[in-house]
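Have a look at upload13.txt; it's compact mmCIF, C-alpha atoms and all ligand atoms:
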# COMPACT_ATOMS: atom_id res chain seq x y z
CA MET U 20 -39.42 175.17 112.06
CA GLN U 21 -35.99 176.15 110.90
CA LYS U 22 -34.74 176.20 114.49
CA ASN U 23 -36.10 172.71 115.11
CA GLY U 24 -34.43 171.51 111.95
CA GLN U 25 -31.09 172.93 113.10
CA ASN U 26 -31.48 171.38 116.53
CA GLU U 27 -32.25 168.01 115.03
CA GLU U 28 -29.20 168.33 112.80
CA ARG U 29 -26.97 169.14 115.79
CA LYS U 30 -28.30 166.27 117.78
CA SER U 31 -27.86 163.77 114.99
CA ARG U 32 -24.26 164.93 114.46
CA LEU U 33 -23.43 164.29 118.10
CA LEU U 34 -25.32 161.00 118.10
CA ALA U 35 -23.46 159.89 115.00
CA CYS U 36 -20.25 160.74 116.83
CA ALA U 37 -21.22 158.65 119.85
CA GLU U 38 -22.35 155.80 117.60
CA GLN U 39 -19.01 155.68 115.83
CA ASN U 40 -17.19 155.70 119.15
CA ARG U 41 -19.26 152.79 120.36
CA ALA U 42 -18.41 150.94 117.19
CA GLY U 43 -14.75 151.59 118.00
CA ARG U 44 -14.16 153.35 114.73
CA GLY U 45 -12.49 156.30 116.33
CA ARG U 46 -12.81 159.95 115.69
CA LEU U 47 -14.95 162.28 113.76
CA LEU U 48 -14.94 165.83 114.90
CA PRO U 49 -11.93 167.66 116.29
CA LEU U 50 -12.28 170.26 119.23
CA ARG U 51 -10.75 172.14 122.35
CA LEU U 52 -11.11 173.75 125.91
CA ALA U 53 -9.27 176.00 128.35
CA ALA U 54 -6.88 174.16 130.62
CA ALA U 55 -7.09 176.45 133.58
CA ALA U 56 -10.84 176.44 133.14
CA VAL U 57 -10.99 172.71 132.77
CA LEU U 58 -9.99 170.18 135.33
CA ALA U 59 -9.42 167.56 132.73
CA ALA U 60 -6.59 165.75 134.35
CA ALA U 61 -8.44 165.25 137.60
CA LEU U 62 -11.33 163.57 135.87
CA LEU U 63 -9.65 161.41 133.32
CA ALA U 64 -9.71 158.03 134.91
CA LEU U 65 -7.30 155.65 133.29
CA PHE U 66 -8.65 152.16 132.83
CA GLY U 67 -6.52 149.16 132.02
CA CYS U 68 -4.88 149.28 128.61
CA SER U 69 -4.71 146.16 126.49
CA ALA U 70 -1.49 144.18 126.64
CA LYS U 71 0.11 146.07 123.78
CA GLU U 72 -1.26 149.50 124.69
CA THR U 73 0.21 151.90 127.15
CA GLU U 74 -0.28 155.50 128.20
CA VAL U 75 2.52 158.03 127.95
CA SER U 76 2.19 161.63 129.07
CA GLU U 77 4.17 164.81 129.39
CA THR U 78 3.63 168.31 130.76
CA PHE U 79 5.51 171.21 129.21
CA PHE U 80 5.37 174.99 128.97
CA VAL U 81 4.50 176.51 125.61
CA MET U 82 2.61 179.54 124.26
CA ASP U 83 2.81 181.17 127.65
CA THR U 84 0.86 178.40 129.32
CA VAL U 85 1.11 174.92 130.77
CA ALA U 86 0.45 172.20 128.21
CA SER U 87 -0.09 168.53 128.81
CA LEU U 88 -0.47 165.64 126.44
CA ARG U 89 -1.61 162.07 127.14
CA LEU U 90 -1.33 159.46 124.43
CA ILE U 91 -2.71 155.93 124.43
CA GLY U 92 -1.39 153.29 122.06
CA ASP U 93 1.71 151.39 121.14
CA LYS U 94 4.49 152.52 123.50
CA GLU U 95 7.16 153.21 120.94
CA GLN U 96 4.81 155.09 118.64
CA ALA U 97 3.27 157.05 121.51
CA GLU U 98 6.68 158.09 122.84
CA SER U 99 7.79 159.24 119.43
CA LEU U 100 4.54 161.18 118.85
CA LEU U 101 4.84 162.82 122.25
CA LYS U 102 8.18 164.31 121.19
CA GLN U 103 6.88 165.32 117.76
CA ALA U 104 3.76 166.97 119.20
CA ALA U 105 5.73 168.96 121.80
CA ALA U 106 8.20 170.06 119.12
CA LEU U 107 5.36 171.14 116.82
CA ALA U 108 3.80 173.23 119.60
CA GLN U 109 7.16 174.96 120.23
CA GLU U 110 7.64 175.48 116.51
CA LEU U 111 4.21 177.12 116.08
CA GLU U 112 4.91 179.35 119.06
CA THR U 113 8.07 180.61 117.38
CA ARG U 114 5.90 181.71 114.44
CA TRP U 115 2.81 183.10 116.20
CA SER U 116 4.04 184.67 119.42
CA ARG U 117 3.55 188.43 119.78
CA THR U 118 6.56 188.68 122.07
CA LEU U 119 9.27 186.34 120.68
CA PRO U 120 11.51 188.60 118.54
CA ASP U 121 11.99 186.12 115.66
CA SER U 122 8.35 185.16 115.27
CA SER U 123 6.47 186.04 112.08
CA ILE U 124 3.92 188.02 114.10
CA TYR U 125 6.61 189.97 115.97
CA ARG U 126 8.33 190.84 112.70
CA LEU U 127 5.06 191.88 111.04
CA ASN U 128 4.24 194.06 114.07
CA ASP U 129 7.72 195.55 113.79
CA GLY U 130 6.93 196.76 110.26
CA GLU U 131 8.79 194.01 108.37
CA THR U 132 7.56 192.32 105.21
CA VAL U 133 7.35 188.58 105.85
CA VAL U 134 6.90 185.71 103.40
CA LEU U 135 4.10 183.73 105.01
CA ASP U 136 4.29 180.01 105.64
CA GLU U 137 1.16 177.97 104.98
CA GLU U 138 0.10 177.62 108.63
CA THR U 139 0.51 181.32 109.40
CA ALA U 140 -1.36 182.40 106.26
CA ALA U 141 -4.22 180.06 107.18
CA LEU U 142 -4.32 181.38 110.75
CA LEU U 143 -4.43 185.02 109.58
CA ALA U 144 -7.24 184.25 107.14
CA GLN U 145 -9.21 182.46 109.85
CA ALA U 146 -8.72 185.34 112.29
CA ALA U 147 -10.02 187.76 109.65
CA ALA U 148 -13.07 185.58 108.97
CA LEU U 149 -13.85 185.25 112.69
CA SER U 150 -13.68 189.00 113.07
CA VAL U 151 -16.20 189.56 110.28
CA GLU U 152 -18.48 186.78 111.52
CA THR U 153 -18.52 188.09 115.11
CA GLY U 154 -19.08 191.70 114.08
CA GLY U 155 -15.68 192.65 115.50
CA ALA U 156 -16.14 191.07 118.95
CA PHE U 157 -13.05 189.08 117.95
CA THR U 158 -10.49 191.56 116.61
CA PRO U 159 -6.91 190.35 116.01
CA THR U 160 -5.67 193.95 115.62
CA VAL U 161 -6.32 194.43 119.36
CA SER U 162 -2.58 194.26 120.15
CA PRO U 163 -2.01 197.98 121.04
CA LEU U 164 -4.80 197.74 123.63
CA VAL U 165 -3.48 194.44 125.01
CA GLU U 166 -0.03 196.02 125.35
CA LEU U 167 -1.50 199.10 127.06
CA TRP U 168 -3.53 197.10 129.59
CA ASN U 169 -0.69 194.62 130.13
CA ILE U 170 -2.93 192.43 132.29
CA GLY U 171 -0.86 190.15 134.49
CA GLU U 172 1.92 192.73 134.90
CA ALA U 173 0.26 196.13 135.41
CA ASP U 174 -0.99 197.09 138.88
CA SER U 175 -3.55 199.66 137.72
CA PRO U 176 -5.72 200.20 134.62
CA PRO U 177 -4.65 202.69 131.96
CA SER U 178 -6.31 206.13 131.84
CA ARG U 179 -9.42 206.86 129.76
CA GLU U 180 -7.31 209.15 127.58
CA GLU U 181 -4.70 206.48 126.87
CA ILE U 182 -7.43 204.02 125.86
CA ALA U 183 -9.34 206.54 123.74
CA ALA U 184 -6.12 207.42 121.87
CA LEU U 185 -5.96 203.84 120.50
CA LEU U 186 -9.54 203.80 119.21
CA PRO U 187 -10.94 202.94 116.80
CA LEU U 188 -8.75 199.90 116.21
CA PRO U 189 -7.68 199.34 112.59
CA SER U 190 -9.95 196.95 110.70
CA PRO U 191 -8.45 193.45 110.34
CA ASP U 192 -10.11 192.96 106.92
CA PHE U 193 -6.73 193.18 105.13
CA LEU U 194 -5.75 189.84 106.74
CA ALA U 195 -8.04 188.05 104.29
CA GLN U 196 -5.38 188.79 101.66
CA ALA U 197 -2.73 186.72 103.46
CA ARG U 198 -1.42 184.00 101.11
CA ALA U 199 1.10 181.24 101.76
CA GLY U 200 4.43 181.85 100.04
CA GLN U 201 3.61 185.53 99.39
CA PRO U 202 5.22 188.58 101.02
CA PHE U 203 2.88 190.25 103.51
CA SER U 204 3.04 193.37 105.66
CA LEU U 205 0.69 195.26 107.96
CA PRO U 206 -0.83 198.66 107.27
CA GLU U 207 0.75 201.58 109.16
CA GLY U 208 -0.13 201.61 112.87
CA CYS U 209 -1.57 198.08 112.84
CA ARG U 210 -0.33 195.37 115.22
CA LEU U 211 -1.59 191.81 115.63
CA ASP U 212 -2.33 189.70 118.70
CA LEU U 213 -3.40 186.14 117.92
CA GLY U 214 -3.56 185.11 121.59
CA GLY U 215 -7.30 184.50 121.26
CA VAL U 216 -6.96 181.93 118.47
CA ALA U 217 -3.37 180.59 118.22
CA LYS U 218 -3.67 177.84 120.82
CA GLY U 219 -6.76 176.53 119.05
CA GLU U 220 -5.01 176.42 115.71
CA ALA U 221 -1.95 174.78 117.30
CA ALA U 222 -4.35 172.17 118.72
CA ASN U 223 -5.75 171.61 115.22
CA ARG U 224 -2.27 170.98 113.85
CA ILE U 225 -1.19 168.71 116.71
CA CYS U 226 -4.41 166.67 116.53
CA ALA U 227 -3.98 166.28 112.77
CA LEU U 228 -0.54 164.79 113.42
CA LEU U 229 -1.93 162.41 116.05
CA ARG U 230 -4.83 161.33 113.83
CA GLU U 231 -2.44 160.14 111.16
CA SER U 232 -1.19 157.52 113.62
CA SER U 233 -2.84 154.35 114.87
CA LEU U 234 -3.08 155.62 118.47
CA ARG U 235 -6.26 154.71 120.30
CA GLY U 236 -6.61 158.19 121.74
CA ALA U 237 -5.05 161.39 123.01
CA LEU U 238 -5.90 164.30 125.24
CA LEU U 239 -4.17 167.63 124.70
CA VAL U 240 -4.49 170.52 127.13
CA LEU U 241 -3.07 173.86 125.99
CA GLY U 242 -3.97 176.46 128.59
CA GLY U 243 -7.66 177.15 128.12
CA GLN U 244 -7.93 174.70 125.26
CA VAL U 245 -8.59 170.97 125.51
CA SER U 246 -8.64 168.66 122.51
CA CYS U 247 -9.50 165.01 122.45
CA VAL U 248 -8.65 162.48 119.79
CA GLY U 249 -10.21 159.00 119.76
CA THR U 250 -11.06 157.46 123.11
CA ARG U 251 -9.65 156.59 126.49
CA ALA U 252 -7.89 153.27 126.99
CA ASP U 253 -11.20 151.61 127.89
CA GLY U 254 -12.82 152.78 124.65
CA GLU U 255 -15.00 155.33 126.45
CA PRO U 256 -15.15 159.04 125.54
CA TRP U 257 -12.75 161.43 127.26
CA ARG U 258 -14.17 163.28 130.26
CA ILE U 259 -13.61 167.00 130.59
CA ALA U 260 -14.79 168.96 133.60
CA LEU U 261 -15.87 172.60 133.42
CA ARG U 262 -14.64 174.70 136.28
CA ASP U 263 -16.68 176.86 138.61
CA PRO U 264 -15.33 180.41 137.98
CA ASP U 265 -15.70 181.12 141.71
CA GLY U 266 -14.56 177.73 142.92
CA GLN U 267 -11.29 176.38 144.14
CA GLN U 268 -9.38 174.06 141.83
CA GLY U 269 -11.48 170.97 142.53
CA GLU U 270 -14.95 172.49 142.06
CA THR U 271 -16.66 171.80 138.79
CA LEU U 272 -19.99 172.74 137.23
CA ALA U 273 -20.35 170.14 134.54
CA GLU U 274 -18.64 167.25 132.83
CA LEU U 275 -18.43 166.67 129.10
CA ARG U 276 -17.89 163.25 127.57
CA LEU U 277 -16.39 163.68 124.13
CA THR U 278 -14.28 162.17 121.40
CA ASP U 279 -12.56 164.00 118.58
CA LEU U 280 -13.56 167.51 119.48
CA HIS U 281 -11.97 170.74 120.69
CA ILE U 282 -13.20 172.59 123.76
CA ALA U 283 -12.16 176.19 124.51
CA THR U 284 -13.03 178.23 127.55
CA SER U 285 -12.66 181.99 127.99
CA GLY U 286 -13.44 183.52 131.35
CA ASP U 287 -12.82 186.46 133.64
CA TYR U 288 -10.99 184.32 136.19
CA GLU U 289 -8.07 183.19 134.02
CA ARG U 290 -5.99 186.35 133.95
CA TYR U 291 -7.12 189.63 135.45
CA LEU U 292 -6.19 192.79 137.34
CA GLU U 293 -7.98 193.62 140.57
CA PHE U 294 -7.92 197.38 141.27
CA GLU U 295 -9.91 199.26 143.91
CA GLY U 296 -12.39 196.41 144.20
CA VAL U 297 -12.96 196.10 140.44
CA ARG U 298 -11.87 193.12 138.35
CA TYR U 299 -10.45 193.83 134.88
CA CYS U 300 -10.06 190.68 132.79
CA HIS U 301 -7.63 189.94 129.94
CA ILE U 302 -10.31 189.92 127.24
CA LEU U 303 -11.06 193.39 125.85
CA ASP U 304 -14.05 194.84 124.04
CA PRO U 305 -12.45 196.14 120.81
CA GLU U 306 -15.11 198.84 120.55
CA THR U 307 -14.69 200.45 123.96
CA GLY U 308 -11.11 199.43 124.70
CA TRP U 309 -12.20 198.20 128.16
CA PRO U 310 -12.91 194.68 129.42
CA PRO U 311 -16.47 193.96 128.27
CA GLU U 312 -19.42 194.84 130.47
CA THR U 313 -20.74 191.35 130.11
CA ASP U 314 -23.25 189.23 131.99
CA LEU U 315 -20.96 186.22 131.55
CA ARG U 316 -18.28 184.73 133.77
CA SER U 317 -17.14 182.14 131.25
CA VAL U 318 -17.93 180.70 127.84
CA THR U 319 -16.98 177.20 126.72
CA VAL U 320 -17.22 176.37 123.03
CA VAL U 321 -17.19 172.83 121.61
CA SER U 322 -16.29 172.57 117.94
CA SER U 323 -14.68 170.27 115.42
CA ASP U 324 -12.26 173.13 114.63
CA GLY U 325 -9.85 174.12 117.40
CA ALA U 326 -9.20 177.65 116.11
CA ARG U 327 -12.92 178.27 115.77
CA ALA U 328 -13.61 177.09 119.32
CA ASP U 329 -10.78 179.31 120.61
CA GLY U 330 -11.76 182.43 118.68
CA LEU U 331 -15.46 182.02 119.36
CA SER U 332 -15.05 181.54 123.11
CA THR U 333 -13.21 184.87 123.22
CA ALA U 334 -15.78 186.60 120.99
CA LEU U 335 -18.89 185.25 122.75
CA PHE U 336 -17.46 186.36 126.09
CA VAL U 337 -17.33 189.91 124.67
CA MET U 338 -20.85 189.68 123.19
CA GLY U 339 -22.70 188.56 126.32
CA LEU U 340 -25.36 185.89 126.77
CA GLU U 341 -28.33 186.81 124.56
CA PRO U 342 -26.31 187.91 121.49
CA SER U 343 -24.21 184.74 121.91
CA LEU U 344 -27.30 182.53 121.91
CA ALA U 345 -28.61 184.28 118.79
CA PHE U 346 -25.19 183.75 117.19
CA TRP U 347 -25.24 180.05 118.14
CA ARG U 348 -28.71 179.54 116.64
CA GLU U 349 -27.60 181.18 113.42
CA ALA U 350 -24.22 179.42 113.13
CA GLY U 351 -25.37 175.85 113.77
CA ASP U 352 -21.86 174.35 113.78
CA PHE U 353 -20.76 174.49 117.42
CA GLU U 354 -22.09 173.99 120.95
CA ALA U 355 -21.49 176.07 124.06
CA VAL U 356 -21.81 176.30 127.82
CA PHE U 357 -22.30 179.74 129.41
CA VAL U 358 -21.76 180.58 133.07
CA THR U 359 -23.51 183.86 133.92
CA SER U 360 -22.86 186.47 136.60
CA ASP U 361 -26.26 185.65 138.12
CA ARG U 362 -25.17 182.05 138.66
CA ARG U 363 -26.81 180.23 135.82
CA VAL U 364 -25.13 177.50 133.78
CA ILE U 365 -26.70 177.34 130.33
CA ALA U 366 -25.73 174.63 127.85
CA THR U 367 -26.87 174.47 124.24
CA GLU U 368 -29.08 171.48 123.59
CA GLY U 369 -26.73 169.73 121.17
CA LEU U 370 -24.74 168.77 124.28
CA ALA U 371 -27.71 167.07 125.93
CA ASP U 372 -26.33 163.56 125.40
CA CYS U 373 -22.75 164.24 126.43
CA LEU U 374 -22.96 166.77 129.28
CA SER U 375 -23.82 166.16 132.94
CA PHE U 376 -24.41 169.11 135.23
CA SER U 377 -23.01 168.98 138.76
CA ASN U 378 -26.44 169.76 140.15
CA GLY U 379 -26.42 171.51 143.47
CA ALA U 380 -22.95 172.96 142.97
CA GLY U 381 -22.25 176.46 144.30
CA GLY U 382 -25.86 177.65 144.27
CA TYR U 383 -26.00 177.56 140.45
CA ARG U 384 -29.10 176.92 138.37
CA PHE U 385 -28.62 174.59 135.40
CA GLU U 386 -30.48 174.48 132.10
CA PHE U 387 -30.27 173.44 128.46
CA THR U 388 -31.33 175.97 125.86
CA SER U 389 -32.61 175.64 122.32
P1 LIG O 401 -8.71 183.68 125.25
O1 LIG O 401 -8.06 183.41 126.55
O2 LIG O 401 -8.60 182.59 124.22
O3 LIG O 401 -10.10 184.17 125.37
O4 LIG O 401 -7.87 184.85 124.55
C1 LIG O 401 -7.59 186.04 125.22
C2 LIG O 401 -6.41 186.68 124.57
O5 LIG O 401 -6.79 187.15 123.26
C3 LIG O 401 -5.94 187.91 125.32
O6 LIG O 401 -4.92 187.58 126.23
C4 LIG O 401 -5.44 188.80 124.20
O7 LIG O 401 -4.14 188.41 123.83
C5 LIG O 401 -6.38 188.49 123.06
N1 LIG O 401 -7.61 189.27 123.04
C6 LIG O 401 -8.18 190.01 124.05
N2 LIG O 401 -9.35 190.53 123.66
C7 LIG O 401 -9.55 190.14 122.38
C8 LIG O 401 -10.57 190.36 121.40
N3 LIG O 401 -11.66 191.06 121.69
N4 LIG O 401 -10.41 189.82 120.18
C9 LIG O 401 -9.32 189.07 119.87
N5 LIG O 401 -8.32 188.82 120.73
C10 LIG O 401 -8.43 189.33 121.97
MG MG O 402 -9.88 182.20 122.63

Turn the structure described in the file into structure tokens.
Ligand code: AMP
Ligand code: MG
Amino acid sequence: MQKNGQNEERKSRLLACAEQNRAGRGRLLPLRLAAAAVLAAALLALFGCSAKETEVSETFFVMDTVASLRLIGDKEQAESLLKQAAALAQELETRWSRTLPDSSIYRLNDGETVVLDEETAALLAQAAALSVETGGAFTPTVSPLVELWNIGEADSPPSREEIAALLPLPSPDFLAQARAGQPFSLPEGCRLDLGGVAKGEAANRICALLRESSLRGALLVLGGQVSCVGTRADGEPWRIALRDPDGQQGETLAELRLTDLHIATSGDYERYLEFEGVRYCHILDPETGWPPETDLRSVTVVSSDGARADGLSTALFVMGLEPSLAFWREAGDFEAVFVTSDRRVIATEGLADCLSFSNGAGGYRFEFTS
């Protein structure tokens, strides 16, 4: 009964969203998706803009990834917002990067006391809450392990002894005490890595800026995060393709049609180390210190909150399919698409009206779940 009630609620939220789009009243829910995992650009057909509307776009490098932004609206306004949005992304990177020496996170990790700005305090609090909610599958104090594995640079995995020496990781509970304008420091031996959530929060901030304008729509891709605001030039929802983890660039498993949501994808094909025939991905199980022994190849989360989509896609990847589905049923405020190692593509039923499977692709089986 309760499950049916939740499903109905989900469905009506998405229907309300579609209804408002049809009525041309713009956006409702914000959300995001992984850029490498999403072939957004390839699928976003541009239809004719009205006489006064135009599309401007830019691709830039930020937060260690390729970002792209497309804006539709008045030319002058769109060009100005393009600059502001790119500058905001760079600015947030200079606060949240683990590796830029002047960033707040770098300084905290270096043992300094830092007076927190509002955005950083909010991000730390959200990371702490996500960690509690996911039972530690998302753990922002994972930094020492991330540094040890150094996926992307290292050519072999660390030893069992090196990994064991870093466990257990310090609890991130203390982050809940982060307050804007207050001095903050980390407990001894604790280092932060917000790589699993920072792009999503940056997307939240950038979309908030764009929503204040009278633009018709925008599509932001930040690595594995895609966010859409409003609609395409023709008033239709944005189209976002989900990539086949085994496929070449052009092969997709499904297409989402969305407005005002964030879509985040975490997968084992984004960044990994291949050693003696074994693939070690960049997401780590905070309990074991190793990449998770998961039955998933990728997880895509659709949410009105970019940081939540980002953090949850990372956490659900660690949890595996069945615990993730139980988590989804309990949470009731996001939707997801799972690609499993045994070639199933499972979408939560709240996406039924806005997701099309690429049936027949790559020998996959497709299903909705409730
Ligand atoms: P994503 O690509 O959003 O899934 O984030 C992966 C990034 O988050 C990694 O590159 C690490 O910086 C960090 N990370 C890895 N494992 C975890 C974890 N279990 N919890 C939180 N952050 C993680
Ligand atoms: Mg993430």

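Residues surrounding Ala195 of chain U within 9 Å are U:Ala140, U:Leu143, U:Ala144, U:Gln145, U:Ala146, U:Ala147, U:Ala148, U:Pro191 [all atoms listed in the file; sequence separation below 4 positions excluded].
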
**Report entry** One-decimal distance in Å that lies between atom CA of Phe294 of chain U and atom CA of Ser175 of chain U
**Finding:**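 Distance reported for this atom pair: 6.1 Å.
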
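When all atoms listed in the file are used to compute distances to ligand LIG 401 (chain O), the closest of the residues U:Arg210, U:Arg258, U:Arg117, U:Arg251 turns out to be U:Arg117.
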
- Query: Which of these residues is nearest to Val161 of chain U, using only C-alpha atoms: U:Glu74, U:Glu95, U:Glu354, U:Asp304?
  - Reply: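 Between U:Glu74, U:Glu95, U:Glu354, U:Asp304, the residue approaching Val161 of chain U most closely is U:Asp304.
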
Computed gap from atom CA of Ala326 of chain U to atom CA of Asp279 of chain U is 14.3 Å

* To do: For ligand LIG 401 (chain O), collect every residue having any atom at a distance of at most 7 Å from a ligand atom (counting all atoms listed in the file); output as a list of chain:residue names.
  =>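 Those residues are U:Ala156, U:Phe157, U:Thr158, U:Pro159, U:Val161, U:Val165, U:Asp212, U:Leu213, U:Gly214, U:Gly215, U:Val216, U:Gly243, U:Thr284, U:Ser285, U:Gly286, U:His301, U:Ile302, U:Leu303, U:Asp304, U:Pro305, U:Asp329, U:Gly330, U:Ser332, U:Thr333, U:Ala334, U:Val337.
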
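When atom CA of Cys373 of chain U is paired with atom CA of Thr388 of chain U, their separation reads 14.5 Å.
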
Identify, on the basis of all atoms listed in the file, every residue whose closest approach to Arg362 of chain U does not exceed 12 Å; exclude the query and any residue fewer than 2 positions from it along the same chain; express the result as a PyMOL selection string. chain U and resi 263-265+272+314-317+357-360+364-365+379-386

Restricting to all atoms listed in the file, whichever of U:Ser343, U:Gln244, U:Ser377, U:Thr271 is closest to ligand MG 402 (chain O) is U:Gln244

Non-local contacts of Ile170 of chain U (12 Å; all atoms listed in the file; under 5 positions in same chain excluded) as a compact mmCIF listing (two decimals) with C-alpha atoms, in the frame of the given file:
# COMPACT_ATOMS: atom_id res chain seq x y z
CA LEU U 164 -4.80 197.74 123.63
CA VAL U 165 -3.48 194.44 125.01
CA SER U 175 -3.55 199.66 137.72
CA PRO U 176 -5.72 200.20 134.62
CA PRO U 177 -4.65 202.69 131.96
CA ASP U 287 -12.82 186.46 133.64
CA GLU U 289 -8.07 183.19 134.02
CA ARG U 290 -5.99 186.35 133.95
CA TYR U 291 -7.12 189.63 135.45
CA LEU U 292 -6.19 192.79 137.34
CA GLU U 293 -7.98 193.62 140.57
CA PHE U 294 -7.92 197.38 141.27
CA ARG U 298 -11.87 193.12 138.35
CA TYR U 299 -10.45 193.83 134.88
CA CYS U 300 -10.06 190.68 132.79
CA HIS U 301 -7.63 189.94 129.94
CA ILE U 302 -10.31 189.92 127.24
CA LEU U 303 -11.06 193.39 125.85
CA TRP U 309 -12.20 198.20 128.16
CA PRO U 310 -12.91 194.68 129.42

When distances are computed from only C-alpha atoms and all ligand atoms, which of U:Ala283, U:Met338, U:Ala104, U:Leu211 shows the smallest separation from ligand MG 402 (chain O)?
->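 Smallest distance to ligand MG 402 (chain O) is found for U:Ala283.
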
Find the residues near Ile124 of chain U: any atom within 7 Å, counting all atoms listed in the file, skip ones fewer than 2 places away on the same chain, and give them as a compact mmCIF listing (two decimals) with C-alpha atoms, in the coordinates of the input.
# COMPACT_ATOMS: atom_id res chain seq x y z
CA ARG U 114 5.90 181.71 114.44
CA TRP U 115 2.81 183.10 116.20
CA SER U 116 4.04 184.67 119.42
CA ARG U 117 3.55 188.43 119.78
CA SER U 122 8.35 185.16 115.27
CA ARG U 126 8.33 190.84 112.70
CA LEU U 127 5.06 191.88 111.04
CA ASN U 128 4.24 194.06 114.07
CA LEU U 211 -1.59 191.81 115.63

For each of U:Ala184, U:Leu238, U:Leu90, U:Leu149, take the minimum atom-to-atom distance to ligand MG 402 (chain O), counting all atoms listed in the file, then give the residue where this is smallest.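 Answer, going by the shortest atom-to-atom distance: U:Leu149.
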
*Which one of U:Ala86, U:Val245, U:Ala222, U:Ala217 sits closest to ligand MG 402 (chain O) if you count all atoms listed in the file?*
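Smallest distance to ligand MG 402 (chain O) is found for U:Ala217.
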
### Message
Taking 2 positions as the minimum chain separation for residues in the same chain, which residues sit within 10 Å of Phe80 of chain U when counting all atoms listed in the file? Answer as a PyMOL selection string.
### Response
chain U and resi 78+82-87+105+108-109+241-242

Could you write those residues out with C-alpha atoms, as a compact mmCIF listing (two decimals), keeping the file's coordinate frame?
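again.txt, freshly written:
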# COMPACT_ATOMS: atom_id res chain seq x y z
CA THR U 78 3.63 168.31 130.76
CA MET U 82 2.61 179.54 124.26
CA ASP U 83 2.81 181.17 127.65
CA THR U 84 0.86 178.40 129.32
CA VAL U 85 1.11 174.92 130.77
CA ALA U 86 0.45 172.20 128.21
CA SER U 87 -0.09 168.53 128.81
CA ALA U 105 5.73 168.96 121.80
CA ALA U 108 3.80 173.23 119.60
CA GLN U 109 7.16 174.96 120.23
CA LEU U 241 -3.07 173.86 125.99
CA GLY U 242 -3.97 176.46 128.59
